[in-house]
file target_39.csv (CSV, C-alpha atoms)
chain,number,residue,atom,x,y,z
A,1,MET,CA,-28.8,18.7,21.4
A,2,SER,CA,-28.8,15.7,19.0
A,3,LEU,CA,-30.9,14.1,16.4
A,4,ASP,CA,-32.5,10.7,15.8
A,5,ARG,CA,-30.2,8.9,13.4
A,6,ARG,CA,-32.9,7.0,11.6
A,7,GLU,CA,-34.9,10.1,10.9
A,8,ALA,CA,-31.8,12.1,9.8
A,9,VAL,CA,-30.8,9.4,7.3
A,10,ARG,CA,-34.4,9.0,6.1
A,11,ARG,CA,-34.4,12.8,5.4
A,12,LEU,CA,-31.0,12.7,3.6
A,13,LEU,CA,-32.1,9.9,1.3
A,14,ALA,CA,-35.6,11.1,0.6
A,15,ASP,CA,-35.8,12.2,-3.1
A,16,ARG,CA,-32.2,11.1,-3.5
A,17,GLY,CA,-32.2,11.5,-7.3
A,18,ASN,CA,-29.2,9.7,-8.8
A,19,MET,CA,-27.2,9.9,-5.6
A,20,LEU,CA,-24.8,7.0,-4.9
A,21,VAL,CA,-24.5,5.9,-1.2
A,22,VAL,CA,-21.7,4.1,0.7
A,23,SER,CA,-22.5,3.2,4.3
A,24,GLY,CA,-19.9,2.5,7.0
A,25,LEU,CA,-20.1,-0.7,9.0
A,26,GLY,CA,-22.4,-1.0,12.0
A,27,SER,CA,-25.3,1.3,12.6
A,28,PRO,CA,-24.9,3.5,9.5
A,29,THR,CA,-25.4,0.4,7.3
A,30,TYR,CA,-28.6,-0.4,9.3
A,31,ASP,CA,-29.7,3.2,9.1
A,32,VAL,CA,-29.3,3.4,5.3
A,33,ALA,CA,-31.0,0.0,4.9
A,34,ALA,CA,-33.9,1.2,7.1
A,35,ALA,CA,-34.4,4.2,4.8
A,36,GLY,CA,-35.1,1.8,2.0
A,37,ASP,CA,-32.9,-0.7,0.2
A,38,ASP,CA,-31.6,0.5,-3.1
A,39,ASP,CA,-29.3,-1.1,-5.7
A,40,ARG,CA,-27.2,2.1,-5.6
A,41,ASN,CA,-26.3,1.6,-1.9
A,42,PHE,CA,-23.0,-0.1,-1.2
A,43,TYR,CA,-23.2,-1.4,2.4
A,44,LEU,CA,-20.0,-2.1,4.3
A,45,TRP,CA,-20.0,-4.8,6.9
A,46,GLY,CA,-16.3,-4.7,7.6
A,47,ALA,CA,-13.1,-3.1,6.4
A,48,MET,CA,-13.5,-0.4,9.1
A,49,GLY,CA,-12.1,2.9,8.0
A,50,SER,CA,-12.8,2.3,4.3
A,51,ALA,CA,-16.1,4.1,3.7
A,52,ALA,CA,-14.6,7.5,3.0
A,53,PRO,CA,-11.9,6.2,0.6
A,54,ILE,CA,-14.5,4.1,-1.2
A,55,GLY,CA,-16.4,7.4,-1.7
A,56,LEU,CA,-13.3,9.0,-3.1
A,57,GLY,CA,-12.7,6.3,-5.7
A,58,LEU,CA,-16.3,6.3,-6.6
A,59,ALA,CA,-16.6,10.1,-6.8
A,60,ILE,CA,-13.6,10.2,-9.2
A,61,ALA,CA,-15.1,7.5,-11.4
A,62,GLN,CA,-18.6,9.0,-11.4
A,63,PRO,CA,-18.0,12.8,-11.5
A,64,GLU,CA,-21.5,13.5,-12.8
A,65,ARG,CA,-23.2,11.8,-9.8
A,66,ARG,CA,-23.5,12.9,-6.2
A,67,VAL,CA,-21.6,10.4,-3.9
A,68,LEU,CA,-22.8,10.3,-0.3
A,69,VAL,CA,-20.8,8.4,2.3
A,70,ILE,CA,-22.8,7.8,5.5
A,71,THR,CA,-20.7,6.6,8.3
A,72,GLY,CA,-20.1,6.7,12.0
A,73,ASP,CA,-17.6,8.6,14.1
A,74,GLY,CA,-15.7,5.4,15.1
A,75,GLU,CA,-15.5,4.2,11.5
A,76,LEU,CA,-14.2,7.6,10.2
A,77,LEU,CA,-11.7,7.9,13.0
A,78,MET,CA,-10.1,4.6,12.0
A,79,GLY,CA,-9.2,6.1,8.6
A,80,LEU,CA,-8.8,9.8,9.6
A,81,GLY,CA,-5.9,10.2,7.2
A,82,GLY,CA,-8.3,9.5,4.3
A,83,LEU,CA,-9.8,13.0,4.8
A,84,ALA,CA,-6.4,14.5,3.8
A,85,SER,CA,-6.3,12.2,0.8
A,86,ILE,CA,-9.8,13.3,-0.2
A,87,ALA,CA,-9.0,16.9,0.2
A,88,ALA,CA,-6.0,16.6,-2.0
A,89,GLN,CA,-8.2,15.3,-4.9
A,90,ARG,CA,-11.0,17.9,-4.4
A,91,PRO,CA,-13.9,15.7,-5.6
A,92,THR,CA,-16.6,18.3,-5.8
A,93,ASN,CA,-19.3,15.6,-5.9
A,94,LEU,CA,-18.4,13.9,-2.6
A,95,VAL,CA,-20.1,14.4,0.7
A,96,ILE,CA,-19.3,12.6,3.9
A,97,VAL,CA,-22.0,12.5,6.5
A,98,VAL,CA,-20.9,11.3,9.9
A,99,LEU,CA,-23.6,10.1,12.2
A,100,ASP,CA,-21.7,11.1,15.4
A,101,ASN,CA,-23.1,9.5,18.5
A,102,GLU,CA,-19.7,9.9,20.2
A,103,ARG,CA,-19.7,6.1,20.9
A,104,TYR,CA,-18.5,2.8,19.5
A,105,GLY,CA,-22.0,1.5,19.2
A,106,GLU,CA,-21.3,-2.1,18.0
A,107,THR,CA,-18.9,-2.9,20.8
A,108,GLY,CA,-20.7,-1.7,23.9
A,109,MET,CA,-21.2,2.0,23.5
A,110,GLN,CA,-17.7,3.0,24.7
A,111,LYS,CA,-17.0,6.7,24.3
A,112,SER,CA,-15.2,7.6,21.1
A,113,HIS,CA,-12.7,10.4,20.6
A,114,THR,CA,-15.5,12.8,19.6
A,115,ALA,CA,-16.8,12.4,23.2
A,116,HIS,CA,-13.4,13.5,24.3
A,117,GLY,CA,-13.2,16.7,22.2
A,118,THR,CA,-12.2,15.6,18.6
A,119,ASP,CA,-14.1,17.9,16.2
A,120,LEU,CA,-14.4,16.0,13.0
A,121,ALA,CA,-15.7,19.1,11.0
A,122,ALA,CA,-12.6,21.0,12.2
A,123,VAL,CA,-10.4,18.1,11.1
A,124,ALA,CA,-12.0,18.1,7.6
A,125,GLN,CA,-11.7,21.9,7.5
A,126,GLY,CA,-8.0,21.6,8.4
A,127,CYS,CA,-7.5,19.0,5.7
A,128,GLY,CA,-8.8,21.4,3.1
A,129,PHE,CA,-12.4,20.4,2.6
A,130,SER,CA,-14.5,22.9,0.7
A,131,ARG,CA,-17.1,22.8,3.4
A,132,ALA,CA,-17.4,21.2,6.9
A,133,ALA,CA,-20.1,21.7,9.4
A,134,THR,CA,-21.6,20.1,12.6
A,135,VAL,CA,-25.3,19.7,12.8
A,136,HIS,CA,-26.9,19.6,16.3
A,137,ASP,CA,-30.6,20.0,15.7
A,138,GLU,CA,-33.5,19.9,13.2
A,139,SER,CA,-33.1,23.5,12.1
A,140,GLU,CA,-29.4,23.1,11.4
A,141,LEU,CA,-30.2,20.0,9.4
A,142,ASP,CA,-32.8,21.9,7.5
A,143,ARG,CA,-30.2,24.5,6.6
A,144,THR,CA,-27.6,22.0,5.7
A,145,ILE,CA,-29.6,19.4,3.7
A,146,ARG,CA,-29.6,21.5,0.5
A,147,ASP,CA,-25.8,21.8,0.6
A,148,ILE,CA,-25.5,18.0,1.2
A,149,ARG,CA,-27.5,17.4,-1.9
A,150,ALA,CA,-26.1,20.1,-4.2
A,151,GLY,CA,-23.3,22.1,-2.5
A,152,GLU,CA,-19.7,22.0,-3.7
A,153,GLY,CA,-17.6,19.2,-2.2
A,154,PRO,CA,-15.6,17.8,-0.8
A,155,MET,CA,-17.9,18.3,2.2
A,156,LEU,CA,-18.1,16.8,5.6
A,157,VAL,CA,-21.2,17.1,7.8
A,158,ALA,CA,-21.1,15.7,11.3
A,159,ILE,CA,-24.6,15.1,12.5
A,160,LYS,CA,-24.7,14.7,16.3
A,161,VAL,CA,-27.1,11.9,16.9
A,162,THR,CA,-28.5,10.4,20.1
A,163,ALA,CA,-26.6,7.4,21.4
A,164,GLY,CA,-28.9,4.4,21.7
A,165,GLU,CA,-29.8,1.3,19.8
A,166,ALA,CA,-32.1,1.7,16.9
A,167,GLY,CA,-33.6,-1.6,15.7
A,168,ARG,CA,-31.2,-3.5,13.4
A,169,VAL,CA,-32.3,-3.5,9.8
A,170,LEU,CA,-30.0,-5.8,8.1
A,171,PRO,CA,-29.3,-5.5,4.3
A,172,SER,CA,-27.6,-8.2,2.3
A,173,ARG,CA,-24.2,-9.3,3.6
A,174,ASP,CA,-23.3,-10.9,0.3
A,175,GLY,CA,-20.4,-8.6,-0.8
A,176,VAL,CA,-20.3,-9.9,-4.4
A,177,GLU,CA,-24.0,-9.3,-4.8
A,178,ILE,CA,-23.9,-5.9,-3.3
A,179,LYS,CA,-21.0,-4.9,-5.6
A,180,ASN,CA,-22.5,-6.4,-8.8
A,181,ARG,CA,-26.0,-5.0,-8.3
A,182,PHE,CA,-24.5,-1.5,-7.7
A,183,ARG,CA,-22.6,-1.7,-10.9
A,184,ARG,CA,-25.6,-3.0,-12.8
A,185,ALA,CA,-27.7,-0.2,-11.4
A,186,ILE,CA,-25.4,2.6,-12.6
A,187,GLY,CA,-24.7,0.9,-16.0
A,188,VAL,CA,-21.0,0.0,-15.7
B,1,MET,CA,27.8,-5.9,-8.1
B,2,ASP,CA,24.8,-6.2,-10.3
B,3,SER,CA,25.3,-6.0,-14.0
B,4,PRO,CA,23.5,-3.0,-15.5
B,5,PRO,CA,19.9,-3.9,-16.5
B,6,THR,CA,19.4,-4.6,-20.2
B,7,VAL,CA,15.8,-3.4,-20.1
B,8,ASP,CA,14.7,-0.1,-18.6
B,9,TRP,CA,11.7,-1.7,-16.8
B,10,ARG,CA,11.0,1.6,-15.0
B,11,ARG,CA,9.7,3.1,-18.2
B,12,GLU,CA,7.8,0.1,-19.3
B,13,ILE,CA,5.1,0.0,-16.6
B,14,HIS,CA,3.1,3.2,-17.4
B,15,PRO,CA,2.4,2.3,-21.0
B,16,ILE,CA,1.1,-1.1,-19.9
B,17,LEU,CA,-1.2,0.4,-17.3
B,18,ARG,CA,-2.4,2.9,-19.9
B,19,ALA,CA,-3.1,0.2,-22.5
B,20,ALA,CA,-5.1,-1.7,-19.9
B,21,ASN,CA,-7.2,1.5,-19.4
B,22,VAL,CA,-6.2,2.0,-15.8
B,23,ARG,CA,-7.7,5.3,-14.7
B,24,GLN,CA,-6.9,5.6,-11.0
B,25,VAL,CA,-3.4,5.0,-9.5
B,26,ALA,CA,-3.4,5.2,-5.7
B,27,TYR,CA,0.0,5.3,-4.1
B,28,VAL,CA,2.1,5.8,-1.1
B,29,PRO,CA,5.3,7.1,-2.5
B,30,ASP,CA,8.3,4.9,-2.9
B,31,ALA,CA,11.7,5.7,-4.5
B,32,GLY,CA,11.4,2.6,-6.6
B,33,HIS,CA,8.2,4.0,-8.2
B,34,ILE,CA,9.4,7.5,-8.8
B,35,ARG,CA,9.3,7.5,-12.6
B,36,LEU,CA,6.0,5.6,-12.7
B,37,ILE,CA,4.3,8.1,-10.2
B,38,GLU,CA,5.5,11.0,-12.3
B,39,ALA,CA,4.3,9.4,-15.5
B,40,CYS,CA,0.8,8.7,-14.0
B,41,HIS,CA,0.6,12.3,-12.7
B,42,ALA,CA,1.5,13.6,-16.2
B,43,ASP,CA,-1.1,11.4,-18.0
B,44,PRO,CA,-4.4,13.2,-18.3
B,45,SER,CA,-6.2,9.9,-18.7
B,46,MET,CA,-5.1,8.8,-15.2
B,47,ARG,CA,-5.8,10.1,-11.7
B,48,ALA,CA,-2.8,9.7,-9.4
B,49,ILE,CA,-4.0,9.7,-5.8
B,50,VAL,CA,-1.5,10.1,-3.0
B,51,LEU,CA,-2.6,8.3,0.2
B,52,THR,CA,-1.6,8.9,3.8
B,53,ASN,CA,-1.7,5.1,4.5
B,54,GLU,CA,-1.9,2.1,2.2
B,55,ALA,CA,-5.1,0.9,3.7
B,56,GLU,CA,-6.9,3.8,2.0
B,57,GLY,CA,-5.9,2.3,-1.3
B,58,MET,CA,-8.2,-0.7,-1.0
B,59,GLY,CA,-11.2,1.6,-0.4
B,60,VAL,CA,-10.2,3.9,-3.3
B,61,LEU,CA,-9.8,1.1,-5.8
B,62,ALA,CA,-13.0,-0.6,-4.6
B,63,GLY,CA,-14.8,2.7,-5.2
B,64,ALA,CA,-13.2,3.1,-8.6
B,65,TRP,CA,-14.5,-0.4,-9.6
B,66,LEU,CA,-17.9,0.3,-8.3
B,67,GLY,CA,-17.9,3.4,-10.5
B,68,GLY,CA,-16.7,1.5,-13.5
B,69,GLN,CA,-13.0,2.4,-13.5
B,70,LYS,CA,-9.9,0.3,-13.2
B,71,GLY,CA,-7.3,1.3,-10.6
B,72,VAL,CA,-4.0,0.0,-9.4
B,73,MET,CA,-2.0,0.5,-6.2
B,74,LEU,CA,1.7,1.5,-5.9
B,75,MET,CA,3.4,0.9,-2.6
B,76,GLN,CA,6.5,-0.3,-0.8
B,77,SER,CA,6.7,-3.6,1.0
B,78,SER,CA,6.6,-1.8,4.4
B,79,GLY,CA,3.1,-0.7,3.6
B,80,VAL,CA,1.7,-4.2,3.1
B,81,GLY,CA,1.1,-4.7,6.8
B,82,ASN,CA,-1.1,-1.6,6.8
B,83,CYS,CA,-3.4,-3.3,4.3
B,84,ILE,CA,-4.4,-6.6,5.9
B,85,ASN,CA,-7.8,-5.9,7.2
B,86,ALA,CA,-8.7,-3.6,4.3
B,87,LEU,CA,-7.9,-6.4,1.9
B,88,SER,CA,-10.9,-8.3,3.4
B,89,LEU,CA,-12.9,-5.9,1.3
B,90,MET,CA,-11.3,-7.1,-1.9
B,91,GLN,CA,-11.7,-10.8,-1.0
B,92,ILE,CA,-15.2,-10.8,0.3
B,93,CYS,CA,-16.6,-8.7,-2.5
B,94,ARG,CA,-14.2,-10.1,-5.1
B,95,PHE,CA,-13.0,-6.7,-6.2
B,96,PRO,CA,-10.3,-6.9,-8.8
B,97,PHE,CA,-7.1,-5.6,-7.2
B,98,LEU,CA,-3.5,-5.1,-8.4
B,99,ALA,CA,-0.7,-3.8,-6.3
B,100,LEU,CA,2.8,-3.2,-7.6
B,101,VAL,CA,5.0,-3.5,-4.5
B,102,THR,CA,8.6,-2.4,-4.4
B,103,MET,CA,10.6,-4.5,-2.0
B,104,ARG,CA,12.8,-3.5,0.9
B,105,GLY,CA,14.4,-5.6,3.5
B,106,GLU,CA,15.7,-8.4,1.3
B,107,TRP,CA,18.6,-7.8,-1.1
B,108,GLY,CA,21.5,-6.0,0.6
B,109,GLU,CA,19.3,-4.0,2.9
B,110,PHE,CA,21.3,-1.6,5.0
B,111,ASN,CA,18.4,-0.6,7.3
B,112,GLY,CA,17.4,-3.5,9.5
B,113,TRP,CA,14.1,-1.8,10.4
B,114,GLN,CA,12.9,-2.7,6.8
B,115,VAL,CA,13.7,-6.3,7.2
B,116,PRO,CA,10.8,-7.7,9.4
B,117,MET,CA,8.1,-6.4,7.0
B,118,GLY,CA,10.1,-7.1,3.9
B,119,GLN,CA,10.8,-10.7,4.9
B,120,ASN,CA,7.1,-11.3,5.7
B,121,THR,CA,5.5,-9.4,2.8
B,122,GLU,CA,4.8,-12.4,0.6
B,123,ALA,CA,3.4,-14.5,3.5
B,124,ALA,CA,1.3,-11.5,4.7
B,125,LEU,CA,-0.2,-11.0,1.3
B,126,LYS,CA,-0.9,-14.6,0.7
B,127,GLY,CA,-2.5,-14.9,4.2
B,128,ALA,CA,-4.8,-12.0,3.2
B,129,GLY,CA,-5.9,-13.9,0.1
B,130,VAL,CA,-3.7,-12.1,-2.4
B,131,ILE,CA,-2.0,-13.9,-5.3
B,132,VAL,CA,1.6,-13.0,-5.3
B,133,GLN,CA,3.9,-12.8,-8.3
B,134,ARG,CA,7.5,-11.7,-8.3
B,135,CYS,CA,9.9,-10.0,-10.6
B,136,ASP,CA,13.7,-10.4,-10.1
B,137,HIS,CA,14.9,-9.5,-13.5
B,138,PRO,CA,14.3,-6.5,-15.7
B,139,GLU,CA,12.9,-8.5,-18.6
B,140,ASP,CA,10.3,-10.0,-16.3
B,141,VAL,CA,8.6,-6.8,-15.3
B,142,ALA,CA,6.5,-5.9,-18.4
B,143,PRO,CA,5.1,-9.4,-19.1
B,144,THR,CA,4.4,-10.0,-15.4
B,145,ILE,CA,2.5,-6.8,-15.0
B,146,ASP,CA,0.7,-7.3,-18.2
B,147,ALA,CA,-0.4,-10.8,-17.2
B,148,ALA,CA,-1.2,-9.6,-13.6
B,149,LEU,CA,-3.6,-7.0,-15.0
B,150,ALA,CA,-5.4,-9.7,-16.9
B,151,LEU,CA,-5.5,-12.0,-13.9
B,152,ALA,CA,-6.8,-9.3,-11.6
B,153,PHE,CA,-9.4,-7.7,-13.8
B,154,ASP,CA,-10.6,-10.6,-15.9
B,155,SER,CA,-10.7,-13.2,-13.1
B,156,GLU,CA,-11.7,-10.6,-10.5
B,157,VAL,CA,-9.1,-11.5,-7.9
B,158,ALA,CA,-6.5,-9.7,-5.8
B,159,VAL,CA,-2.9,-9.8,-7.1
B,160,ALA,CA,0.3,-8.3,-6.0
B,161,VAL,CA,3.5,-8.1,-8.1
B,162,LEU,CA,6.6,-7.8,-6.0
B,163,LEU,CA,9.4,-5.8,-7.7
B,164,SER,CA,12.4,-7.3,-5.9
B,165,GLN,CA,15.1,-5.2,-4.2
B,166,ARG,CA,17.7,-6.9,-6.4
B,167,LEU,CA,15.7,-5.6,-9.4
B,168,ILE,CA,15.4,-2.1,-8.0
B,169,GLY,CA,18.9,-1.9,-6.8
B,170,ARG,CA,20.4,-1.6,-3.3
B,171,LYS,CA,19.5,1.7,-1.7
B,172,LYS,CA,22.6,3.9,-1.4
B,173,PHE,CA,23.2,6.4,1.3

call {"tool": "encode", "arguments": {"input": "target_39.csv", "output": "C-alpha cells"}}
result
Amino acid sequence: MSLDRREAVRRLLADRGNMLVVSGLGSPTYDVAAAGDDDRNFYLWGAMGSAAPIGLGLAIAQPERRVLVITGDGELLMGLGGLASIAAQRPTNLVIVVLDNERYGETGMQKSHTAHGTDLAAVAQGCGFSRAATVHDESELDRTIRDIRAGEGPMLVAIKVTAGEAGRVLPSRDGVEIKNRFRRAIGV
Amino acid sequence: MDSPPTVDWRREIHPILRAANVRQVAYVPDAGHIRLIEACHADPSMRAIVLTNEAEGMGVLAGAWLGGQKGVMLMQSSGVGNCINALSLMQICRFPFLALVTMRGEWGEFNGWQVPMGQNTEAALKGAGVIVQRCDHPEDVAPTIDAALALAFDSEVAVAVLLSQRLIGRKKF
C-alpha cells in the first residue's frame, strides 16, 4: 500500500497556519511547490542531507512555530546522523515527513536502502524521537495528520508513496531570494 | 618549546560570541575547543548543539539564520572535508557562516593520519568559497574572531578562522 505523494503533501499543507516548511531537494521540493508557493517555504535544490538539520536550527530559533521538513528517503539517508543530533536537542515543534518511495527518483529510480529493509521510523525511534510512525494508506494518514500538525516533536513520519514521476513543478532556484523572502515573511 | 601564552585566548572567545548575540553553537567536539564548548553549554542564552558530522552544521546554521538567530560552528580541521558539499548551501544562498576551526596535522603533529586533511584545510575551505583567516598567536584570537563575526554576519559571507596547532599546543600522549 502506498499513497500519492502530491495528494499527501497537499493534505499536509492545507490550512497550514503559521507552519514553516523546509523541502528536500528533488521531488519533495516539487511536491511542496505544487501544493502552492508560499514565502514560508524554504526549498532546497542541493546540499543533499541538509533538510533535517535546517529544520533543527529553524525549530530552535522559532520555538513558537511548527517546523515541517518534507523530504525524501534518499535525502534523509544521506544525513542519517542528523536524526541523532535532532533527538539530542528535543525540539518539540519539529516534524520530519519523509516521502518514502524507496527510490532515488532524480537519478533513475534506483532502489534506496528503504527498499532493502531500512526502517526510517525505527531509526528515528532508536535515536530518541518523541514519536515516529510509518504511514501506508489514507486511513493511517488521517490518523497521523493531527499529530503532524500539533503533536509533540521531535517527530518523524515516513509516508510510503508510489514510485513514479509526478509532473515537475519548479519553484524559484534563486537561493538568496528564497532565503530573504522567508525571513521577511516571518519578520526576522 | 613554545613560550607560555601571554593571553588566555581560550577564555576570550565565549564573551565575544555572546556580545555578538550568537544563539546557536553547533559543534563536533575537539580538545582545542573544550573550554568554549563548556562555556556555551553553561550559557542560558546559547544553545550548544552536538553534531554527529560537521556537514550537519551548515544546515543547522542556515536554519538558525532563516529563523532569525546567529550561529557559529566549532570543529577540528579533520572535519572540514565533511563540509564541502554542504557549504554550497551557504554560498548559493549567501547565508552568513562562521566556523572556528582548531588545526591538526601541521605543528609537531605526532599522528600522520591527521596530516592529509590538516595540510589541505585552507585550500579545501577556499575552494568551497569560504574566506579563511588564521590565528597563530594568542593575542590574535580575540580581534580576529571579533572581526570575523562582523565579516560573516554584516557582509553575509562564509568565513573560517583557523586556530593553528602552534597556538593550541602540540598534542601530548

call {"tool": "interface_residues", "arguments": {"input": "target_39.csv", "of": "chain B", "to": "chain A", "cutoff": "12 Å", "atoms": "all atoms listed in the file", "output": "ChimeraX atom specification"}}
result
/B:22-28,45-72,82-96,156-157

call {"tool": "closest_residue", "arguments": {"input": "target_39.csv", "among": "A:Ile70, A:Leu12, A:Leu25, A:Cys127", "to": "A:Thr144", "atoms": "all atoms listed in the file"}}
result
A:Leu12

call {"tool": "atom_distance", "arguments": {"input": "target_39.csv", "atom1": "atom CA of B:Ile145", "atom2": "atom CA of B:Trp107"}}
result
21.3 Å

call {"tool": "atom_distance", "arguments": {"input": "target_39.csv", "atom1": "atom CA of B:Gly129", "atom2": "atom CA of A:Gly24"}}
result
22.6 Å

call {"tool": "closest_residue", "arguments": {"input": "target_39.csv", "among": "A:Leu120, A:Met1, A:Leu99, A:Val67", "to": "A:Gly153", "atoms": "only C-alpha atoms"}}
result
A:Val67

call {"tool": "atom_distance", "arguments": {"input": "target_39.csv", "atom1": "atom CA of B:Pro138", "atom2": "atom CA of B:Asn120"}}
result
23.1 Å

call {"tool": "closest_residue", "arguments": {"input": "target_39.csv", "among": "A:Asp137, A:Asp37, A:Asp15, A:Asp100", "to": "A:Gly72", "atoms": "only C-alpha atoms"}}
result
A:Asp100

call {"tool": "residues_around", "arguments": {"input": "target_39.csv", "residues": "stretch 148-154 of chain B", "least_positions_apart": "5", "cutoff": "7 Å", "atoms": "all atoms listed in the file", "output": "NGL selection string"}}
result
:B and (96-98 or 159)

call {"tool": "closest_residue", "arguments": {"input": "target_39.csv", "among": "A:Pro28, A:Gly117, A:Gly108, A:Pro171", "to": "A:Leu76", "atoms": "only C-alpha atoms"}}
result
A:Pro28

call {"tool": "closest_residue", "arguments": {"input": "target_39.csv", "among": "B:Thr102, B:Thr144, B:Gln114, B:Ser77", "to": "B:Leu163", "atoms": "only C-alpha atoms"}}
result
B:Thr102

call {"tool": "closest_residue", "arguments": {"input": "target_39.csv", "among": "B:Asp30, B:Asp136, B:Asp43, B:Glu122", "to": "B:Ala160", "atoms": "only C-alpha atoms"}}
result
B:Glu122

call {"tool": "residues_near_point", "arguments": {"input": "target_39.csv", "point": "(-23.9, 14.4, 10.5)", "cutoff": "6 Å", "atoms": "only C-alpha atoms", "output": "ChimeraX atom specification"}}
result
/A:97-99,135,157-160

call {"tool": "write_last_selection", "arguments": {"input": "target_39.csv", "atoms": "C-alpha atoms", "output": "PDB file, in the frame of the given file"}}
result
ATOM      1  CA  VAL A  97     -22.000  12.500   6.500  1.00  0.00           C
ATOM      2  CA  VAL A  98     -20.900  11.300   9.900  1.00  0.00           C
ATOM      3  CA  LEU A  99     -23.600  10.100  12.200  1.00  0.00           C
ATOM      4  CA  VAL A 135     -25.300  19.700  12.800  1.00  0.00           C
ATOM      5  CA  VAL A 157     -21.200  17.100   7.800  1.00  0.00           C
ATOM      6  CA  ALA A 158     -21.100  15.700  11.300  1.00  0.00           C
ATOM      7  CA  ILE A 159     -24.600  15.100  12.500  1.00  0.00           C
ATOM      8  CA  LYS A 160     -24.700  14.700  16.300  1.00  0.00           C
TER       9      LYS A 160
END

call {"tool": "residues_around", "arguments": {"input": "target_39.csv", "residues": "stretch 9-12 of chain B", "least_positions_apart": "4", "cutoff": "8 Å", "atoms": "all atoms listed in the file", "output": "mmCIF file with C-alpha atoms, in the frame of the given file"}}
result
data_model
loop_
_atom_site.group_PDB
_atom_site.id
_atom_site.type_symbol
_atom_site.label_atom_id
_atom_site.label_comp_id
_atom_site.auth_asym_id
_atom_site.auth_seq_id
_atom_site.Cartn_x
_atom_site.Cartn_y
_atom_site.Cartn_z
ATOM 1 C CA ILE B 16 1.100 -1.100 -19.900
ATOM 2 C CA HIS B 33 8.200 4.000 -8.200
ATOM 3 C CA ARG B 35 9.300 7.500 -12.600
ATOM 4 C CA LEU B 36 6.000 5.600 -12.700
ATOM 5 C CA PRO B 138 14.300 -6.500 -15.700
ATOM 6 C CA GLU B 139 12.900 -8.500 -18.600
ATOM 7 C CA VAL B 141 8.600 -6.800 -15.300
ATOM 8 C CA ALA B 142 6.500 -5.900 -18.400
#

call {"tool": "decode", "arguments": {"input": "target_39.csv", "residues": "stretch 47-90 of chain A", "atoms": "C-alpha atoms", "output": "PDB file, in the first residue's frame"}}
result
ATOM      1  CA  ALA A  47      23.095  20.329  -0.240  1.00  0.00           C
ATOM      2  CA  MET A  48      21.677  16.810  -0.060  1.00  0.00           C
ATOM      3  CA  GLY A  49      21.250  15.651   3.517  1.00  0.00           C
ATOM      4  CA  SER A  50      20.701  19.157   4.891  1.00  0.00           C
ATOM      5  CA  ALA A  51      16.907  19.350   5.080  1.00  0.00           C
ATOM      6  CA  ALA A  52      16.520  17.860   8.563  1.00  0.00           C
ATOM      7  CA  PRO A  53      19.407  19.852  10.100  1.00  0.00           C
ATOM      8  CA  ILE A  54      17.946  23.062   8.627  1.00  0.00           C
ATOM      9  CA  GLY A  55      14.693  22.128  10.321  1.00  0.00           C
ATOM     10  CA  LEU A  56      16.573  21.725  13.599  1.00  0.00           C
ATOM     11  CA  GLY A  57      18.225  25.154  13.508  1.00  0.00           C
ATOM     12  CA  LEU A  58      14.952  26.739  12.442  1.00  0.00           C
ATOM     13  CA  ALA A  59      12.903  24.951  15.106  1.00  0.00           C
ATOM     14  CA  ILE A  60      15.315  26.136  17.814  1.00  0.00           C
ATOM     15  CA  ALA A  61      15.221  29.705  16.504  1.00  0.00           C
ATOM     16  CA  GLN A  62      11.406  29.740  16.167  1.00  0.00           C
ATOM     17  CA  PRO A  63      10.106  27.678  19.080  1.00  0.00           C
ATOM     18  CA  GLU A  64       6.587  29.104  18.833  1.00  0.00           C
ATOM     19  CA  ARG A  65       6.058  27.896  15.274  1.00  0.00           C
ATOM     20  CA  ARG A  66       5.637  24.441  13.835  1.00  0.00           C
ATOM     21  CA  VAL A  67       8.528  23.469  11.576  1.00  0.00           C
ATOM     22  CA  LEU A  68       7.778  20.809   8.978  1.00  0.00           C
ATOM     23  CA  VAL A  69      10.588  19.248   6.978  1.00  0.00           C
ATOM     24  CA  ILE A  70       9.304  17.434   3.911  1.00  0.00           C
ATOM     25  CA  THR A  71      11.998  15.342   2.325  1.00  0.00           C
ATOM     26  CA  GLY A  72      12.705  12.086   0.549  1.00  0.00           C
ATOM     27  CA  ASP A  73      14.167   8.805   1.733  1.00  0.00           C
ATOM     28  CA  GLY A  74      17.394   9.279  -0.226  1.00  0.00           C
ATOM     29  CA  GLU A  75      17.884  12.827   1.037  1.00  0.00           C
ATOM     30  CA  LEU A  76      17.354  11.809   4.647  1.00  0.00           C
ATOM     31  CA  LEU A  77      19.585   8.755   4.317  1.00  0.00           C
ATOM     32  CA  MET A  78      22.495  10.961   3.259  1.00  0.00           C
ATOM     33  CA  GLY A  79      22.337  12.741   6.609  1.00  0.00           C
ATOM     34  CA  LEU A  80      21.014   9.982   8.833  1.00  0.00           C
ATOM     35  CA  GLY A  81      23.227  11.030  11.738  1.00  0.00           C
ATOM     36  CA  GLY A  82      21.265  14.272  11.830  1.00  0.00           C
ATOM     37  CA  LEU A  83      18.376  12.368  13.405  1.00  0.00           C
ATOM     38  CA  ALA A  84      20.573  11.679  16.437  1.00  0.00           C
ATOM     39  CA  SER A  85      21.540  15.348  16.605  1.00  0.00           C
ATOM     40  CA  ILE A  86      17.858  16.346  16.445  1.00  0.00           C
ATOM     41  CA  ALA A  87      16.850  13.882  19.133  1.00  0.00           C
ATOM     42  CA  ALA A  88      19.589  15.226  21.417  1.00  0.00           C
ATOM     43  CA  GLN A  89      18.021  18.718  21.224  1.00  0.00           C
ATOM     44  CA  ARG A  90      14.388  17.579  21.654  1.00  0.00           C
TER      45      ARG A  90
END
